[in-house]
$ cat protein_25.txt   # compact mmCIF, C-alpha atoms and all ligand atoms
# COMPACT_ATOMS: atom_id res chain seq x y z
CA MET Y 1 -23.94 -21.02 122.36
CA VAL Y 2 -23.21 -17.68 120.75
CA ARG Y 3 -22.64 -16.83 117.08
CA CYS Y 4 -19.06 -15.58 116.78
CA ALA Y 5 -16.80 -14.10 114.12
CA LYS Y 6 -13.63 -16.18 113.83
CA VAL Y 7 -10.64 -13.87 113.42
CA LYS Y 8 -6.91 -14.57 113.17
CA ARG Y 9 -5.18 -13.40 116.31
CA GLU Y 10 -2.91 -10.96 114.44
CA ASP Y 11 -5.99 -9.29 112.89
CA ALA Y 12 -8.03 -9.26 116.11
CA GLU Y 13 -7.79 -5.57 117.04
CA LYS Y 14 -8.44 -4.38 113.48
CA GLU Y 15 -11.46 -6.69 113.07
CA ARG Y 16 -12.83 -5.86 116.52
CA LYS Y 17 -12.90 -2.18 115.56
CA ARG Y 18 -14.59 -2.99 112.23
CA LEU Y 19 -17.22 -5.13 113.93
CA ALA Y 20 -17.87 -2.42 116.55
CA GLU Y 21 -18.13 0.26 113.86
CA ALA Y 22 -20.62 -1.88 111.93
CA GLY Y 23 -22.65 -2.35 115.12
CA ALA Y 24 -22.14 -6.14 114.86
CA LEU Y 25 -20.28 -6.70 118.14
CA ASP Y 26 -22.26 -8.18 121.04
CA ASN Y 27 -20.99 -6.57 124.24
CA MET Y 28 -22.95 -8.85 126.55
CA HIS Y 29 -20.43 -11.67 126.04
CA ILE Y 30 -16.66 -11.81 126.51
CA PRO Y 31 -14.62 -12.63 123.37
CA MET Y 32 -12.66 -15.89 123.58
CA ARG Y 33 -9.12 -16.70 122.51
CA GLY Y 34 -8.47 -20.07 120.83
CA ARG Y 35 -5.42 -21.55 119.10
CA GLY Y 36 -4.34 -18.72 116.78
CA TYR Y 37 -7.83 -17.23 116.68
CA VAL Y 38 -10.06 -14.85 118.59
CA TYR Y 39 -13.85 -15.37 118.62
CA PHE Y 40 -15.93 -12.18 118.76
CA PRO Y 41 -19.59 -12.51 119.80
CA LEU Y 42 -22.08 -11.11 117.29
CA VAL Y 43 -25.38 -9.35 117.83
CA LYS Y 44 -28.51 -11.08 116.46
CA GLY Y 45 -28.86 -10.81 112.68
CA ALA Y 46 -25.36 -9.35 112.15
CA LYS Y 47 -24.34 -9.82 108.52
CA ILE Y 48 -20.58 -10.09 108.16
CA THR Y 49 -18.09 -11.47 105.66
CA LEU Y 50 -15.87 -13.16 108.27
CA PRO Y 51 -16.22 -16.89 109.02
CA VAL Y 52 -18.92 -17.54 111.66
CA VAL Y 53 -18.82 -20.30 114.31
CA GLN Y 54 -20.83 -21.16 117.43
CA LYS Y 55 -18.97 -20.87 120.78
CA ARG Y 56 -19.86 -21.09 124.44
CA LEU Y 57 -18.86 -17.66 125.79
CA ALA Y 58 -19.00 -16.20 129.28
CA ARG Y 59 -21.44 -13.37 129.84
CA ARG Y 60 -20.07 -10.03 130.95
CA SER Y 61 -21.14 -8.92 134.39
CA GLU Y 62 -24.32 -6.88 134.02
CA ARG Y 63 -22.66 -3.71 135.15
CA PRO Y 64 -19.82 -2.35 132.99
CA LYS Y 65 -16.75 -1.39 135.02
CA THR Y 66 -15.68 1.72 133.16
CA LEU Y 67 -17.32 4.36 131.00
CA ARG Y 68 -15.36 2.97 128.05
CA ASP Y 69 -16.90 -0.50 128.69
CA ALA Y 70 -20.32 1.06 129.10
CA LEU Y 71 -20.01 2.83 125.77
CA ALA Y 72 -18.61 -0.14 123.86
CA GLY Y 73 -20.88 -0.93 120.93
CA LYS Y 74 -22.82 2.33 121.42
CA LEU Y 75 -20.24 4.58 119.82
CA THR Y 76 -18.24 3.90 116.70
CA ALA Y 77 -14.48 3.43 117.14
CA ARG Y 78 -13.97 6.99 115.86
CA GLU Y 79 -16.49 8.44 118.31
CA SER Y 80 -14.87 6.51 121.17
CA GLU Y 81 -11.52 8.04 120.28
CA GLU Y 82 -13.05 11.52 120.51
CA MET Y 83 -14.79 10.94 123.81
CA VAL Y 84 -12.81 11.84 126.90
CA THR Y 85 -13.71 8.90 129.08
CA SER Y 86 -12.35 10.34 132.31
CA PHE Y 87 -14.71 12.55 134.30
CA ASP Y 88 -14.67 14.48 137.56
CA LEU Y 89 -16.80 13.10 140.33
CA VAL Y 90 -17.97 15.91 142.62
CA GLY Y 91 -20.13 14.28 145.28
CA ASP Y 92 -22.77 12.42 143.31
CA ILE Y 93 -22.37 14.61 140.19
CA ALA Y 94 -20.25 13.37 137.30
CA VAL Y 95 -18.86 16.25 135.26
CA VAL Y 96 -18.07 15.23 131.70
CA GLU Y 97 -16.69 16.89 128.62
CA VAL Y 98 -18.76 16.08 125.53
CA PRO Y 99 -17.03 17.01 122.26
CA ASP Y 100 -19.24 18.97 119.80
CA ALA Y 101 -19.17 16.05 117.36
CA LEU Y 102 -20.88 13.83 119.96
CA ARG Y 103 -23.57 16.27 121.09
CA ALA Y 104 -26.32 14.18 119.50
CA LYS Y 105 -25.21 11.23 121.65
CA GLU Y 106 -24.75 13.07 124.96
CA LYS Y 107 -27.86 11.56 126.59
CA LEU Y 108 -26.76 8.07 125.62
CA ILE Y 109 -23.26 8.75 127.01
CA ALA Y 110 -24.71 10.13 130.26
CA LYS Y 111 -27.03 7.14 130.72
CA ALA Y 112 -24.14 4.75 130.09
CA LEU Y 113 -22.13 6.57 132.74
CA MET Y 114 -24.95 6.28 135.28
CA GLY Y 115 -25.27 2.60 134.43
CA ALA Y 116 -21.57 2.04 135.08
CA HIS Y 117 -21.41 4.09 138.29
CA HIS Y 118 -24.42 3.70 140.53
CA ASN Y 119 -23.21 6.38 142.95
CA VAL Y 120 -23.68 8.97 140.16
CA LYS Y 121 -27.08 10.64 140.46
CA VAL Y 122 -26.48 13.58 138.11
CA VAL Y 123 -24.46 13.87 134.90
CA ALA Y 124 -23.50 17.42 133.98
CA LYS Y 125 -21.50 18.54 130.97
CA LYS Y 126 -19.07 21.43 130.93
CA VAL Y 127 -20.51 24.30 128.92
CA GLY Y 128 -17.62 26.73 129.22
CA GLY Y 129 -14.19 27.21 130.72
CA THR Y 130 -13.39 28.50 134.21
CA SER Y 131 -13.93 32.22 133.89
CA GLY Y 132 -14.70 35.54 135.56
CA GLU Y 133 -13.57 36.89 138.90
CA PHE Y 134 -15.35 34.08 140.75
CA ARG Y 135 -13.62 31.44 138.57
CA ILE Y 136 -16.83 29.50 137.95
CA ARG Y 137 -16.89 26.72 135.36
CA PRO Y 138 -20.52 26.44 134.19
CA VAL Y 139 -22.15 23.05 133.71
CA GLU Y 140 -25.50 21.86 132.36
CA VAL Y 141 -27.32 18.78 133.61
CA ILE Y 142 -27.80 16.21 130.83
CA ALA Y 143 -29.10 13.24 132.84
CA GLY Y 144 -30.34 12.27 136.28
CA GLU Y 145 -31.68 14.62 138.93
CA LYS Y 146 -32.00 18.26 137.85
CA ARG Y 147 -29.53 19.89 140.23
CA THR Y 148 -25.95 21.15 140.35
CA ARG Y 149 -25.76 21.19 144.16
CA THR Y 150 -24.08 18.33 146.00
CA VAL Y 151 -21.97 17.33 149.00
CA TYR Y 152 -18.36 16.37 148.32
CA ARG Y 153 -16.34 14.38 150.85
CA GLU Y 154 -12.57 14.61 151.20
CA GLY Y 155 -10.08 13.96 154.00
CA GLY Y 156 -12.81 13.34 156.58
CA CYS Y 157 -14.53 16.67 155.75
CA GLU Y 158 -17.76 17.45 153.86
CA PHE Y 159 -18.26 20.35 151.47
CA GLU Y 160 -21.66 21.48 150.29
CA LEU Y 161 -21.44 23.36 146.99
CA ASP Y 162 -23.18 24.29 143.78
CA LEU Y 163 -21.06 23.90 140.67
CA ASN Y 164 -22.81 26.83 138.97
CA GLU Y 165 -22.46 29.19 141.92
CA ALA Y 166 -18.90 28.68 143.15
CA TYR Y 167 -15.55 27.29 142.03
CA PHE Y 168 -14.74 23.77 143.10
CA SER Y 169 -12.26 21.19 141.88
CA PRO Y 170 -11.80 17.68 143.28
CA ARG Y 171 -8.46 17.59 141.48
CA LEU Y 172 -6.78 19.66 144.20
CA GLY Y 173 -7.38 17.04 146.90
CA THR Y 174 -3.75 15.86 146.93
CA GLU Y 175 -2.56 19.43 147.28
CA ARG Y 176 -4.96 20.06 150.15
CA GLY Y 177 -3.67 16.91 151.87
CA ARG Y 178 -0.07 18.05 151.39
CA LEU Y 179 -0.76 21.39 153.08
CA CYS Y 180 -2.72 19.79 155.94
CA ALA Y 181 0.27 17.62 156.78
CA GLN Y 182 2.34 20.77 157.36
CA VAL Y 183 0.01 22.73 159.64
CA LYS Y 184 1.41 22.75 163.18
CA PRO Y 185 -0.50 23.19 166.44
CA GLN Y 186 -1.37 26.82 167.20
CA GLU Y 187 -0.38 28.02 163.76
CA LYS Y 188 -2.13 31.03 162.28
CA VAL Y 189 -3.10 30.41 158.66
CA ILE Y 190 -4.51 32.70 155.98
CA VAL Y 191 -6.31 31.32 152.92
CA PRO Y 192 -7.05 34.11 150.46
CA PHE Y 193 -9.33 32.89 147.61
CA ALA Y 194 -10.99 30.34 149.89
CA GLY Y 195 -14.01 29.39 147.72
CA VAL Y 196 -16.43 27.10 149.58
CA GLY Y 197 -13.65 26.46 152.09
CA PRO Y 198 -11.88 23.20 151.19
CA PHE Y 199 -8.31 24.40 151.92
CA ALA Y 200 -9.25 26.45 154.99
CA ILE Y 201 -11.49 23.80 156.56
CA ARG Y 202 -9.14 20.90 155.92
CA MET Y 203 -6.25 22.89 157.44
CA GLY Y 204 -8.44 23.93 160.37
CA LYS Y 205 -9.29 20.28 160.98
CA ALA Y 206 -5.66 19.18 160.63
CA ALA Y 207 -4.70 21.07 163.79
CA ALA Y 208 -7.69 21.85 165.95
CA ASP Y 209 -5.87 24.55 167.90
CA ALA Y 210 -4.69 26.31 164.74
CA GLU Y 211 -6.46 29.54 163.73
CA VAL Y 212 -7.50 29.82 160.09
CA VAL Y 213 -8.88 32.83 158.21
CA GLY Y 214 -10.37 32.30 154.74
CA VAL Y 215 -11.09 35.26 152.46
CA GLU Y 216 -13.56 34.97 149.59
CA LEU Y 217 -15.15 37.52 147.25
CA ASN Y 218 -18.05 35.51 145.81
CA PRO Y 219 -21.07 35.87 148.18
CA GLU Y 220 -22.55 32.50 147.07
CA ALA Y 221 -19.23 30.76 147.76
CA CYS Y 222 -19.09 32.50 151.16
CA ALA Y 223 -22.57 31.24 152.05
CA PHE Y 224 -21.45 27.67 151.34
CA PHE Y 225 -18.15 28.31 153.16
CA ARG Y 226 -20.04 29.38 156.32
CA ARG Y 227 -22.32 26.36 156.09
CA ASN Y 228 -19.31 24.10 155.59
CA VAL Y 229 -17.57 25.55 158.66
CA GLU Y 230 -20.66 24.58 160.69
CA ARG Y 231 -21.07 21.25 158.98
CA ASN Y 232 -17.48 20.30 159.84
CA LYS Y 233 -17.65 21.86 163.32
CA CYS Y 234 -14.62 24.07 162.70
CA GLY Y 235 -14.85 26.76 165.36
CA ASN Y 236 -11.26 27.73 164.54
CA VAL Y 237 -12.01 28.77 160.91
CA ARG Y 238 -13.20 32.34 160.24
CA VAL Y 239 -14.87 33.41 156.99
CA LEU Y 240 -14.09 36.90 155.69
CA GLU Y 241 -16.33 37.96 152.82
CA GLY Y 242 -14.78 40.47 150.44
CA ASP Y 243 -11.71 41.41 148.44
CA VAL Y 244 -8.31 40.15 149.58
CA ALA Y 245 -6.79 43.45 148.49
CA LYS Y 246 -9.09 45.36 150.87
CA LEU Y 247 -9.51 42.99 153.82
CA LEU Y 248 -5.95 41.81 154.46
CA PRO Y 249 -3.66 44.88 154.35
CA GLY Y 250 -3.00 46.41 157.74
CA LYS Y 251 -5.23 44.26 159.91
CA TYR Y 252 -3.31 41.03 159.39
CA ALA Y 253 0.21 42.48 158.99
CA GLY Y 254 2.76 40.01 160.40
CA TRP Y 255 -0.04 37.77 161.75
CA ALA Y 256 0.28 34.49 159.84
CA ASP Y 257 2.66 31.54 160.07
CA ARG Y 258 1.34 30.26 156.74
CA ALA Y 259 -0.63 31.54 153.75
CA ALA Y 260 -2.05 29.46 150.89
CA MET Y 261 -3.04 31.24 147.67
CA PRO Y 262 -5.12 28.79 145.61
CA LEU Y 263 -5.84 31.26 142.78
CA PRO Y 264 -3.50 30.10 140.04
CA LYS Y 265 -4.61 32.78 137.55
CA ASP Y 266 -3.63 36.36 138.43
CA ALA Y 267 -2.42 35.49 141.95
CA LYS Y 268 0.69 37.52 141.24
CA GLN Y 269 -1.20 40.80 141.61
CA PHE Y 270 -2.20 39.87 145.17
CA LEU Y 271 1.28 38.95 146.45
CA ALA Y 272 1.74 42.53 147.71
CA ASN Y 273 -1.37 42.02 149.91
CA VAL Y 274 -0.51 38.55 151.18
CA ILE Y 275 3.26 38.56 151.80
CA PRO Y 276 3.07 41.35 154.46
CA CYS Y 277 0.63 39.14 156.43
CA LEU Y 278 3.39 36.58 156.99
CA LYS Y 279 5.66 36.61 160.04
CA LYS Y 280 9.41 36.38 159.43
CA GLY Y 281 9.97 32.73 158.54
CA GLY Y 282 6.32 32.23 157.54
CA ILE Y 283 5.50 29.89 154.66
CA LEU Y 284 3.78 30.98 151.46
CA HIS Y 285 2.08 28.33 149.29
CA TYR Y 286 1.84 29.99 145.89
CA TYR Y 287 -0.05 28.58 142.87
CA SER Y 288 0.48 29.55 139.27
CA PHE Y 289 0.67 28.20 135.72
CA GLY Y 290 3.96 27.42 133.98
CA SER Y 291 5.21 26.06 130.69
CA MET Y 292 6.05 22.36 130.29
CA GLU Y 293 9.71 23.24 129.66
CA GLU Y 294 10.15 25.47 132.71
CA PRO Y 295 7.12 24.93 134.94
CA PHE Y 296 8.39 26.74 138.05
CA ALA Y 297 10.43 29.63 136.64
CA GLY Y 298 7.52 32.13 136.44
CA ALA Y 299 6.11 31.29 139.88
CA GLU Y 300 9.50 31.54 141.59
CA LYS Y 301 10.18 34.86 139.88
CA ASP Y 302 6.78 36.22 140.97
CA VAL Y 303 7.48 35.35 144.62
CA GLN Y 304 11.12 36.52 144.62
CA GLU Y 305 10.34 39.83 142.96
CA ALA Y 306 7.25 40.62 145.04
CA SER Y 307 9.16 39.83 148.26
CA ALA Y 308 12.09 42.03 147.23
CA ARG Y 309 9.73 44.93 146.45
CA LEU Y 310 8.33 44.61 149.99
CA GLY Y 311 11.81 44.52 151.54
CA ARG Y 312 11.50 40.77 152.31
CA LYS Y 313 13.45 37.76 151.08
CA ALA Y 314 11.94 34.54 149.71
CA ARG Y 315 13.67 31.19 150.01
CA ILE Y 316 12.05 28.57 147.76
CA VAL Y 317 11.65 25.41 149.85
CA PHE Y 318 9.46 23.19 147.67
CA ARG Y 319 8.05 22.98 144.15
CA ARG Y 320 5.60 20.58 142.54
CA VAL Y 321 3.54 20.19 139.39
CA VAL Y 322 -0.05 19.99 140.64
CA ARG Y 323 -1.71 18.90 137.38
CA PRO Y 324 -1.56 19.39 133.63
CA TYR Y 325 -3.72 22.37 132.72
CA SER Y 326 -3.72 22.76 128.95
CA LYS Y 327 -1.81 21.35 125.98
CA ASP Y 328 1.35 23.22 126.95
CA THR Y 329 0.84 24.52 130.49
CA GLU Y 330 0.81 22.98 133.94
CA GLN Y 331 -0.53 24.19 137.27
CA VAL Y 332 2.32 24.42 139.75
CA ALA Y 333 2.77 24.91 143.48
CA VAL Y 334 5.80 26.71 144.87
CA ASP Y 335 6.38 27.00 148.62
CA ALA Y 336 8.61 29.79 149.91
CA GLU Y 337 9.86 30.75 153.32
CA ILE Y 338 9.40 34.50 153.62
CA LEU Y 339 12.18 36.12 155.65
C1 LIG Y 401 -9.58 29.04 141.85
S1 LIG Y 401 -10.81 29.45 143.04
C2 LIG Y 401 -10.21 28.56 144.45
C3 LIG Y 401 -11.27 28.29 145.46
C4 LIG Y 401 -10.90 27.33 146.57
N1 LIG Y 401 -9.69 27.70 147.24
C5 LIG Y 401 -10.85 25.91 146.08
O1 LIG Y 401 -9.76 25.36 145.91
O2 LIG Y 401 -11.92 25.35 145.85
C6 LIG Y 401 -10.40 31.11 143.43
C7 LIG Y 401 -11.41 31.80 144.34
O3 LIG Y 401 -10.94 33.13 144.61
C8 LIG Y 401 -12.05 34.01 144.66
N2 LIG Y 401 -11.54 35.37 144.40
C9 LIG Y 401 -11.17 35.91 143.22
N3 LIG Y 401 -10.71 37.16 143.40
C10 LIG Y 401 -10.78 37.41 144.73
C11 LIG Y 401 -10.43 38.54 145.55
N4 LIG Y 401 -9.92 39.64 145.02
N5 LIG Y 401 -10.62 38.45 146.87
C12 LIG Y 401 -11.13 37.31 147.44
N6 LIG Y 401 -11.47 36.22 146.72
C13 LIG Y 401 -11.30 36.26 145.39
C14 LIG Y 401 -13.01 33.47 143.59
O4 LIG Y 401 -14.33 33.88 143.81
C15 LIG Y 401 -12.80 31.96 143.73
O5 LIG Y 401 -13.74 31.40 144.61
$ encode --input "protein_25.txt" --output "structure tokens" --more "lines below"
Ligand SMILES: C[S@@+](CC[C@H](N)C(=O)[O-])C[C@H]1O[C@@H](n2cnc3c(N)ncnc32)[C@H](O)[C@@H]1O
Amino acid sequence: MVRCAKVKREDAEKERKRLAEAGALDNMHIPMRGRGYVYFPLVKGAKITLPVVQKRLARRSERPKTLRDALAGKLTARESEEMVTSFDLVGDIAVVEVPDALRAKEKLIAKALMGAHHNVKVVAKKVGGTSGEFRIRPVEVIAGEKRTRTVYREGGCEFELDLNEAYFSPRLGTERGRLCAQVKPQEKVIVPFAGVGPFAIRMGKAAADAEVVGVELNPEACAFFRRNVERNKCGNVRVLEGDVAKLLPGKYAGWADRAAMPLPKDAKQFLANVIPCLKKGGILHYYSFGSMEEPFAGAEKDVQEASARLGRKARIVFRRVVRPYSKDTEQVAVDAEIL
């Protein structure tokens, strides 16, 4: 039998929050509904003003299912509101955002996360935004093994990476899958801004007799890219280390059936280097940021204007919001046939 607070059903949510805030709520048992009442289990010695009764309650399974469950009773209701309970899982590293107000509790949060997700071996917190030419988003390990290197699996491929040495986002997986579905046999594909190779390698795998060239400036990212090409046995993917603006012009003029530009910030300035690489009728996958009201307008204008300056025409064939980016901007993808 468990000591429980007896609460009228209409007051249940309000009282649950008050009990949690007071640290009186026992999270090892599941609250029970009765006729017109809800019975909340209490921790030992909890002193409350609500009526108390004894009830036979079911125990929660030992392992909480979500981070929110894992944190129940450990954070006050206000702290829970502040905590972003979603996190990115990159291989066995969980990347979390810990608000400043919760810094003192970050270890507790990280341990709760590892308790809820046994595949997580490292918890790292973001310590800055994506920045610099290499677009790295720095993280700091707050629990688990002391490393920021891992292997991420997606679409039957494996990518070795270090979060503090190269850009990587698991949130672009759907986009990578969308592009893979379009690659045709024997196509020639260019991926400027290739990072550790997720777009290039997945497209190379999608059509084994396609030829893919990935261009990347960051030497650390290139080292992982080369290793990932070997790891995934992609003999048809070539790694070019250096600046897109220097490596592509001339050599690849009119070479590609398809080009993907996964550099949403500042990609516009490289359109003059990438569009000439496309054959007549080639497809450009262009990424950019747009406002919530008119997400695609800027991206379409960039592609149309750059094509016109190069004496080419762009026909927009597809547009999609990839993901929300900030309070009022979204990352978008625009595909154009370049004529
Ligand atoms: C947003 S990341 C995308 C990486 C990768 N495509 C992915 O999705 O994981 C952009 C990448 O472009 C690279 N980059 C930036 N400027 C470049 C340039 N001028 N030439 C080649 N690569 C560049 C950065 O180092 C970074 O790895």
$ atom_distance --input "protein_25.txt" --atom1 "atom CA of Asp100 of chain Y" --atom2 "atom CA of Gly128 of chain Y"
12.3 Å
$ residues_near_point --input "protein_25.txt" --point "(-22.5, -6.0, 113.6)" --cutoff "9 Å" --atoms "all atoms listed in the file" --output "MDAnalysis selection string"
chainID Y and resid 18:26 42:48
$ closest_atom_pairs --input "protein_25.txt" --of "chain Y" --to "ligand LIG 401 (chain Y)" --cutoff "10 Å" --atoms "only C-alpha atoms and all ligand atoms" --output "CSV"
residue,atom,partner,partner_atom,distance
Y:Thr130,CA,Y:LIG401,C1,8.6
Y:Ser131,CA,Y:LIG401,C1,9.6
Y:Gly132,CA,Y:LIG401,O4,8.4
Y:Glu133,CA,Y:LIG401,C9,5.0
Y:Phe134,CA,Y:LIG401,O4,3.2
Y:Arg135,CA,Y:LIG401,C15,5.3
Y:Ile136,CA,Y:LIG401,C15,7.5
Y:Phe159,CA,Y:LIG401,O2,9.8
Y:Leu161,CA,Y:LIG401,O2,9.8
Y:Glu165,CA,Y:LIG401,O5,9.4
Y:Ala166,CA,Y:LIG401,O5,6.0
Y:Tyr167,CA,Y:LIG401,O5,5.2
Y:Phe168,CA,Y:LIG401,O2,4.2
Y:Ser169,CA,Y:LIG401,O2,5.8
Y:Pro170,CA,Y:LIG401,O2,8.1
Y:Arg171,CA,Y:LIG401,O1,9.0
Y:Leu172,CA,Y:LIG401,O1,6.7
Y:Gly173,CA,Y:LIG401,O1,8.7
Y:Glu175,CA,Y:LIG401,O1,9.4
Y:Arg176,CA,Y:LIG401,O1,8.3
Y:Val191,CA,Y:LIG401,N1,7.5
Y:Pro192,CA,Y:LIG401,C12,6.0
Y:Phe193,CA,Y:LIG401,O3,3.4
Y:Ala194,CA,Y:LIG401,N1,4.0
Y:Gly195,CA,Y:LIG401,O5,3.7
Y:Val196,CA,Y:LIG401,O2,6.1
Y:Gly197,CA,Y:LIG401,C4,6.2
Y:Pro198,CA,Y:LIG401,O2,5.8
Y:Phe199,CA,Y:LIG401,N1,5.9
Y:Ala200,CA,Y:LIG401,N1,7.9
Y:Gly214,CA,Y:LIG401,N1,8.8
Y:Val215,CA,Y:LIG401,C12,5.4
Y:Glu216,CA,Y:LIG401,N6,3.8
Y:Leu217,CA,Y:LIG401,N6,3.9
Y:Asn218,CA,Y:LIG401,O4,4.5
Y:Pro219,CA,Y:LIG401,O4,8.3
Y:Glu220,CA,Y:LIG401,O4,8.9
Y:Ala221,CA,Y:LIG401,O5,6.4
Y:Cys222,CA,Y:LIG401,O5,8.5
Y:Phe225,CA,Y:LIG401,C4,9.8
Y:Leu240,CA,Y:LIG401,C12,8.8
Y:Glu241,CA,Y:LIG401,C12,7.5
Y:Gly242,CA,Y:LIG401,C12,5.7
Y:Asp243,CA,Y:LIG401,N5,3.5
Y:Val244,CA,Y:LIG401,N5,3.9
Y:Ala245,CA,Y:LIG401,N4,6.0
Y:Lys246,CA,Y:LIG401,N5,8.1
Y:Leu247,CA,Y:LIG401,N5,8.4
Y:Leu248,CA,Y:LIG401,N5,9.5
Y:Ala260,CA,Y:LIG401,N1,8.6
Y:Met261,CA,Y:LIG401,N1,7.5
Y:Pro262,CA,Y:LIG401,N1,5.0
Y:Leu263,CA,Y:LIG401,C1,4.4
Y:Pro264,CA,Y:LIG401,C1,6.4
Y:Lys265,CA,Y:LIG401,C1,7.6
Y:Asp266,CA,Y:LIG401,N3,8.7
Y:Ala267,CA,Y:LIG401,N3,8.6
Y:Gln269,CA,Y:LIG401,N4,9.4
Y:Phe270,CA,Y:LIG401,N4,7.7
Y:Tyr287,CA,Y:LIG401,C1,9.6
$ residues_near_point --input "protein_25.txt" --point "(12.4, 24.7, 151.7)" --cutoff "9 Å" --atoms "all atoms listed in the file" --output "PyMOL selection string"
chain Y and resi 315-319+335-337
$ residues_around --input "protein_25.txt" --residues "Gly235 of chain Y" --least-positions-apart "6" --cutoff "12 Å" --atoms "all atoms listed in the file" --output "list in words"
Ala200, Ile201, Gly204, Lys205, Ala207, Ala208, Asp209, Ala210, Glu211, Val212, Val213, Arg226, Arg227, Asn228 and Val229 of chain Y
$ atom_distance --input "protein_25.txt" --atom1 "atom CA of Val52 of chain Y" --atom2 "atom CA of Lys74 of chain Y"
22.5 Å
$ closest_residue --input "protein_25.txt" --among "Y:Val127, Y:Ala181, Y:Ala206, Y:Ala104" --to "Gly156 of chain Y" --atoms "only C-alpha atoms"
Y:Ala206
$ atom_distance --input "protein_25.txt" --atom1 "atom CA of Arg9 of chain Y" --atom2 "atom CA of Pro41 of chain Y"
14.9 Å
$ residues_around --input "protein_25.txt" --residues "Lys251 of chain Y" --least-positions-apart "6" --cutoff "12 Å" --atoms "all atoms listed in the file" --output "list in words"
Val244, Ala245, Asn273, Val274, Pro276, Cys277 and Leu278 of chain Y
$ residues_around --input "protein_25.txt" --residues "Tyr37 of chain Y" --least-positions-apart "6" --cutoff "7 Å" --atoms "all atoms listed in the file" --output "compact mmCIF listing (two decimals) with C-alpha atoms, keeping the file's coordinate frame"
# COMPACT_ATOMS: atom_id res chain seq x y z
CA LYS Y 6 -13.63 -16.18 113.83
CA VAL Y 7 -10.64 -13.87 113.42
CA LYS Y 8 -6.91 -14.57 113.17
CA ARG Y 9 -5.18 -13.40 116.31
$ residues_around --input "protein_25.txt" --residues "segment 68-72 of chain Y" --least-positions-apart "6" --cutoff "8 Å" --atoms "only C-alpha atoms" --output "JSON, numbers by chain"
{"Y": [20, 27, 80, 85, 109, 112, 113, 115, 116]}
$ closest_residue --input "protein_25.txt" --among "Y:Val183, Y:Val96, Y:Met292, Y:Ala308" --to "Thr329 of chain Y" --atoms "only C-alpha atoms"
Y:Met292
$ closest_residue --input "protein_25.txt" --among "Y:Gly144, Y:Pro324, Y:Gly254, Y:Pro138" --to "Asn164 of chain Y" --atoms "only C-alpha atoms"
Y:Pro138
$ closest_residue --input "protein_25.txt" --among "Y:Leu163, Y:Ala299, Y:Val38, Y:Cys234" --to "Lys55 of chain Y" --atoms "all atoms listed in the file"
Y:Val38
$ residues_around --input "protein_25.txt" --residues "Gly282 of chain Y" --least-positions-apart "3" --cutoff "7 Å" --atoms "only C-alpha atoms" --output "PDB file with C-alpha atoms, in the frame of the given file"
ATOM      1  CA  ALA Y 256       0.280  34.490 159.840  1.00  0.00           C
ATOM      2  CA  ASP Y 257       2.660  31.540 160.070  1.00  0.00           C
ATOM      3  CA  ARG Y 258       1.340  30.260 156.740  1.00  0.00           C
ATOM      4  CA  LEU Y 278       3.390  36.580 156.990  1.00  0.00           C
ATOM      5  CA  LYS Y 279       5.660  36.610 160.040  1.00  0.00           C
ATOM      6  CA  GLU Y 337       9.860  30.750 153.320  1.00  0.00           C
ATOM      7  CA  ILE Y 338       9.400  34.500 153.620  1.00  0.00           C
TER       8      ILE Y 338
END
$ closest_residue --input "protein_25.txt" --among "Y:Gly281, Y:Phe87, Y:Leu271, Y:Val189" --to "Val237 of chain Y" --atoms "all atoms listed in the file"
Y:Val189
$ closest_residue --input "protein_25.txt" --among "Y:Phe224, Y:Phe289, Y:Trp255, Y:Tyr152" --to "Val239 of chain Y" --atoms "all atoms listed in the file"
Y:Phe224
